[in-house]
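Raw contents of protein08.cif, mmCIF, C-alpha atoms; chains and numbers go by the auth columns:
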data_coords
loop_
_atom_site.group_PDB
_atom_site.id
_atom_site.type_symbol
_atom_site.label_atom_id
_atom_site.label_comp_id
_atom_site.label_asym_id
_atom_site.label_seq_id
_atom_site.Cartn_x
_atom_site.Cartn_y
_atom_site.Cartn_z
_atom_site.B_iso_or_equiv
_atom_site.auth_seq_id
_atom_site.auth_asym_id
ATOM 1 C CA MET A 1 100.155 160.996 98.987 0.00 90 A
ATOM 2 C CA LYS A 2 98.404 158.435 96.797 0.00 91 A
ATOM 3 C CA GLN A 3 94.720 157.704 97.480 0.00 92 A
ATOM 4 C CA VAL A 4 92.948 154.455 96.702 0.00 93 A
ATOM 5 C CA LEU A 5 89.299 154.339 95.693 0.00 94 A
ATOM 6 C CA THR A 6 86.826 151.609 96.542 0.00 95 A
ATOM 7 C CA LEU A 7 84.893 150.097 93.639 0.00 96 A
ATOM 8 C CA SER A 8 81.788 152.180 94.388 0.00 97 A
ATOM 9 C CA ALA A 9 83.856 155.358 94.759 0.00 98 A
ATOM 10 C CA LEU A 10 85.709 154.454 91.565 0.00 99 A
ATOM 11 C CA GLY A 11 82.401 154.062 89.727 0.00 100 A
ATOM 12 C CA ALA A 12 81.186 157.397 91.039 0.00 101 A
ATOM 13 C CA ALA A 13 84.491 159.009 90.029 0.00 102 A
ATOM 14 C CA LEU A 14 84.223 157.576 86.517 0.00 103 A
ATOM 15 C CA ILE A 15 80.676 158.907 86.179 0.00 104 A
ATOM 16 C CA ALA A 16 81.840 162.296 87.402 0.00 105 A
ATOM 17 C CA ILE A 17 84.781 162.298 84.985 0.00 106 A
ATOM 18 C CA THR A 18 82.516 161.318 82.083 0.00 107 A
ATOM 19 C CA ALA A 19 80.062 164.062 83.039 0.00 108 A
ATOM 20 C CA CYS A 20 82.904 166.579 83.249 0.00 109 A
ATOM 21 C CA LYS A 21 84.181 165.648 79.796 0.00 110 A
ATOM 22 C CA SER A 22 80.760 166.087 78.234 0.00 111 A
ATOM 23 C CA ALA A 23 80.165 169.445 79.964 0.00 112 A
ATOM 24 C CA ALA A 24 82.198 172.584 79.393 0.00 113 A
ATOM 25 C CA VAL A 25 85.761 172.189 80.569 0.00 114 A
ATOM 26 C CA ASP A 26 86.464 174.064 83.785 0.00 115 A
ATOM 27 C CA SER A 27 90.167 174.637 84.298 0.00 116 A
ATOM 28 C CA SER A 28 89.890 175.695 87.931 0.00 117 A
ATOM 29 C CA PRO A 29 91.813 173.567 90.468 0.00 118 A
ATOM 30 C CA SER A 30 88.588 172.462 92.228 0.00 119 A
ATOM 31 C CA ALA A 31 87.211 170.900 89.018 0.00 120 A
ATOM 32 C CA ALA A 32 90.114 168.457 88.617 0.00 121 A
ATOM 33 C CA PRO A 33 89.727 164.995 90.184 0.00 122 A
ATOM 34 C CA THR A 34 91.806 164.664 93.348 0.00 123 A
ATOM 35 C CA ALA A 35 92.075 160.876 93.645 0.00 124 A
ATOM 36 C CA THR A 36 94.056 158.695 91.311 0.00 125 A
ATOM 37 C CA THR A 37 94.019 154.976 90.782 0.00 126 A
ATOM 38 C CA THR A 38 96.507 152.624 89.309 0.00 127 A
ATOM 39 C CA PRO A 39 95.854 149.107 88.061 0.00 128 A
ATOM 40 C CA SER A 40 97.561 147.714 91.170 0.00 129 A
ATOM 41 C CA ALA A 41 95.123 149.635 93.372 0.00 130 A
ATOM 42 C CA LEU A 42 92.132 147.816 91.899 0.00 131 A
ATOM 43 C CA PRO A 43 91.077 144.538 93.493 0.00 132 A
ATOM 44 C CA SER A 44 92.647 141.535 91.828 0.00 133 A
ATOM 45 C CA THR A 45 90.525 138.669 90.582 0.00 134 A
ATOM 46 C CA THR A 46 91.446 135.102 91.313 0.00 135 A
ATOM 47 C CA ARG A 47 90.330 132.293 89.044 0.00 136 A
ATOM 48 C CA ILE A 48 88.156 129.910 90.978 0.00 137 A
ATOM 49 C CA GLU A 49 87.605 126.477 89.518 0.00 138 A
ATOM 50 C CA PRO A 50 83.939 125.526 89.255 0.00 139 A
ATOM 51 C CA THR A 51 82.584 123.124 91.825 0.00 140 A
ATOM 52 C CA PRO A 52 82.182 119.659 90.309 0.00 141 A
ATOM 53 C CA ASP A 53 78.617 118.478 89.784 0.00 142 A
ATOM 54 C CA PRO A 54 77.799 116.588 92.990 0.00 143 A
ATOM 55 C CA ILE A 55 76.206 113.721 91.059 0.00 144 A
ATOM 56 C CA THR A 56 79.272 113.107 88.881 0.00 145 A
ATOM 57 C CA HIS A 57 81.973 113.924 91.425 0.00 146 A
ATOM 58 C CA PRO A 58 84.332 110.894 91.599 0.00 147 A
ATOM 59 C CA CYS A 59 83.871 110.522 95.363 0.00 148 A
ATOM 60 C CA VAL A 60 80.073 110.541 95.086 0.00 149 A
ATOM 61 C CA VAL A 61 80.155 108.037 92.222 0.00 150 A
ATOM 62 C CA LEU A 62 82.431 105.750 94.229 0.00 151 A
ATOM 63 C CA GLN A 63 80.213 106.038 97.306 0.00 152 A
ATOM 64 C CA ALA A 64 77.171 105.069 95.206 0.00 153 A
ATOM 65 C CA ARG A 65 79.007 102.041 93.775 0.00 154 A
ATOM 66 C CA PHE A 66 80.096 101.064 97.298 0.00 155 A
ATOM 67 C CA LYS A 67 76.540 101.241 98.685 0.00 156 A
ATOM 68 C CA LYS A 68 75.105 99.397 95.693 0.00 157 A
ATOM 69 C CA ARG A 69 77.614 96.571 96.131 0.00 158 A
ATOM 70 C CA LYS A 70 76.949 96.421 99.887 0.00 159 A
ATOM 71 C CA ASP A 71 73.175 96.326 99.261 0.00 160 A
ATOM 72 C CA GLU A 72 73.644 93.443 96.789 0.00 161 A
ATOM 73 C CA ALA A 73 75.681 91.406 99.293 0.00 162 A
ATOM 74 C CA THR A 74 74.196 88.176 100.552 0.00 163 A
ATOM 75 C CA GLY A 75 75.873 88.318 103.968 0.00 164 A
ATOM 76 C CA THR A 76 75.546 84.548 104.156 0.00 165 A
ATOM 77 C CA CYS A 77 78.102 82.230 105.686 0.00 166 A
ATOM 78 C CA GLU A 78 78.839 78.734 106.938 0.00 167 A
ATOM 79 C CA LYS A 79 81.743 79.645 109.220 0.00 168 A
ATOM 80 C CA ASP A 80 83.343 82.808 110.698 0.00 169 A
ATOM 81 C CA ALA A 81 85.988 82.880 107.939 0.00 170 A
ATOM 82 C CA ASP A 82 83.201 83.446 105.382 0.00 171 A
ATOM 83 C CA CYS A 83 82.648 86.930 106.835 0.00 172 A
ATOM 84 C CA GLY A 84 84.546 90.206 106.681 0.00 173 A
ATOM 85 C CA CYS A 85 84.256 93.852 107.733 0.00 174 A
ATOM 86 C CA TYR A 86 83.858 97.101 105.827 0.00 175 A
ATOM 87 C CA ASN A 87 84.365 100.767 106.700 0.00 176 A
ATOM 88 C CA PRO A 88 81.801 103.571 106.336 0.00 177 A
ATOM 89 C CA VAL A 89 82.559 104.854 102.820 0.00 178 A
ATOM 90 C CA HIS A 90 78.860 105.738 102.294 0.00 179 A
ATOM 91 C CA GLY A 91 76.935 107.861 104.794 0.00 180 A
ATOM 92 C CA ASP A 92 73.933 105.514 104.897 0.00 181 A
ATOM 93 C CA LEU A 93 76.098 102.664 106.165 0.00 182 A
ATOM 94 C CA GLY A 94 76.676 104.110 109.614 0.00 183 A
ATOM 95 C CA CYS A 95 80.096 103.305 111.030 0.00 184 A
ATOM 96 C CA GLY A 96 80.727 100.240 108.892 0.00 185 A
ATOM 97 C CA GLY A 97 79.793 96.675 109.498 0.00 186 A
ATOM 98 C CA VAL A 98 80.089 93.031 108.568 0.00 187 A
ATOM 99 C CA THR A 99 79.165 91.163 105.410 0.00 188 A
ATOM 100 C CA ASP A 100 80.256 88.094 103.469 0.00 189 A
ATOM 101 C CA SER A 101 83.995 87.868 102.787 0.00 190 A
ATOM 102 C CA VAL A 102 83.713 88.136 98.973 0.00 191 A
ATOM 103 C CA THR A 103 81.823 91.412 99.284 0.00 192 A
ATOM 104 C CA SER A 104 84.158 92.584 102.057 0.00 193 A
ATOM 105 C CA ILE A 105 87.168 92.167 99.744 0.00 194 A
ATOM 106 C CA GLU A 106 85.456 94.118 96.937 0.00 195 A
ATOM 107 C CA LEU A 107 84.438 96.881 99.356 0.00 196 A
ATOM 108 C CA SER A 108 87.993 97.037 100.683 0.00 197 A
ATOM 109 C CA LYS A 109 89.275 97.711 97.151 0.00 198 A
ATOM 110 C CA MET A 110 86.696 100.494 96.729 0.00 199 A
ATOM 111 C CA GLU A 111 87.758 101.941 100.091 0.00 200 A
ATOM 112 C CA ALA A 112 91.370 102.037 98.885 0.00 201 A
ATOM 113 C CA GLU A 113 90.222 104.006 95.824 0.00 202 A
ATOM 114 C CA PHE A 114 88.199 106.279 98.153 0.00 203 A
ATOM 115 C CA HIS A 115 91.420 107.112 100.030 0.00 204 A
ATOM 116 C CA ARG A 116 93.452 107.510 96.828 0.00 205 A
ATOM 117 C CA LEU A 117 90.937 110.111 95.566 0.00 206 A
ATOM 118 C CA GLY A 118 91.201 112.014 98.867 0.00 207 A
ATOM 119 C CA CYS A 119 87.481 111.675 99.610 0.00 208 A
ATOM 120 C CA VAL A 120 86.144 112.758 103.000 0.00 209 A
ATOM 121 C CA TRP A 121 84.749 110.184 105.413 0.00 210 A
ATOM 122 C CA PRO A 122 80.985 110.573 105.810 0.00 211 A
ATOM 123 C CA HIS A 123 81.236 109.798 109.554 0.00 212 A
ATOM 124 C CA GLN A 124 83.925 110.097 112.189 0.00 213 A
ATOM 125 C CA CYS A 125 83.461 106.875 114.117 0.00 214 A
ATOM 126 C CA ALA A 126 85.147 105.329 117.106 0.00 215 A
ATOM 127 C CA PRO A 127 87.428 102.431 116.175 0.00 216 A
ATOM 128 C CA TRP A 128 86.074 98.946 116.524 0.00 217 A
ATOM 129 C CA ALA A 129 87.728 95.536 116.217 0.00 218 A
ATOM 130 C CA CYS A 130 86.828 93.512 113.165 0.00 219 A
ATOM 131 C CA ALA A 131 85.852 90.101 114.563 0.00 220 A
ATOM 132 C CA PRO A 132 82.933 88.915 112.423 0.00 221 A
ATOM 133 C CA LYS A 133 80.979 85.831 113.402 0.00 222 A
ATOM 134 C CA CYS A 134 78.787 83.487 111.425 0.00 223 A
ATOM 135 C CA ALA A 135 75.561 83.073 113.356 0.00 224 A
ATOM 136 C CA ARG A 136 72.745 80.937 111.903 0.00 225 A
ATOM 137 C CA GLY A 137 74.082 81.387 108.356 0.00 226 A
ATOM 138 C CA ARG A 138 74.409 85.214 108.548 0.00 227 A
ATOM 139 C CA CYS A 139 77.510 87.348 109.084 0.00 228 A
ATOM 140 C CA SER A 140 77.335 89.545 112.199 0.00 229 A
ATOM 141 C CA ARG A 141 79.532 91.352 114.717 0.00 230 A
#
Once more with this new file: its structure as structure tokens, please.
Amino acid sequence: MKQVLTLSALGAALIAITACKSAAVDSSPSAAPTATTTPSALPSTTRIEPTPDPITHPCVVLQARFKKRKDEATGTCEKDADCGCYNPVHGDLGCGGVTDSVTSIELSKMEAEFHRLGCVWPHQCAPWACAPKCARGRCSR
């Protein structure tokens, strides 16, 4: 019957074997090690890729660009058609919203890239209908 050693037992066995080799050799049956190990009995190691730096991760960079562009938006309008909606690519933007149509188109392109990269939504929001209105020169829901 083959026995398998744990890492700590293996270490202890190696120390014992080393001590036995440096001491006088005892040929009695009780002095011989009873457990054996084979390379397949040792735990295997799996290569784990390092976690990307959160600041330079493509999804984080894209989210920062998205928020920056949204923050730069004027949100001004003259009619309803001057407005558009955006989804919540960045966590600080809640569940999305409404802005000017030029910005909305740019944000939509960034959202498509967000999906292509396989990024995770910062919020799981209930669906809402995009029906922006221009009220007193500002885009709103």
(request) Take the PyMOL selection byres ((chain A and resi 169) around 10), apply it to the structure above, and return the hits as a list in words. (result) Cys166, Glu167, Lys168, Ala170, Asp171, Cys172, Gly173, Asp189, Ser190, Ala220, Pro221, Lys222, Cys223, Ala224, Gly226, Arg227, Cys228 and Ser229 of chain A
(message) Using only C-alpha atoms for the distances, tell me which of A:His146, A:Arg158, A:Trp217, A:Gly180 is nearest to Ser193 (chain A).
(response)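 Closest residue, counting only C-alpha atoms: A:Arg158.
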(request) Might you pull out every residue within 10 Å of region 201-204 of chain A, with only C-alpha atoms counted and same-chain residues fewer than 3 positions away left off, and present them as a count of residues only? (result) 14
(message) I'd like the interatomic distance between CA of Pro216 (chain A) and CA of His179 (chain A), to a tenth of an Å.
(response)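 These two atoms are separated by 16.6 Å.
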(message) Between CA of Met199 (chain A) and CA of Cys174 (chain A), what is the distance in Å, rounded to a tenth?
(response)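 So the two atoms, CA of Met199 (chain A) and CA of Cys174 (chain A), lie 13.1 Å apart.
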(request) Go ahead and compute the interatomic distance for CA of Ala215 (chain A) and CA of Ile144 (chain A), in Å to one decimal. (result) 28.8 Å
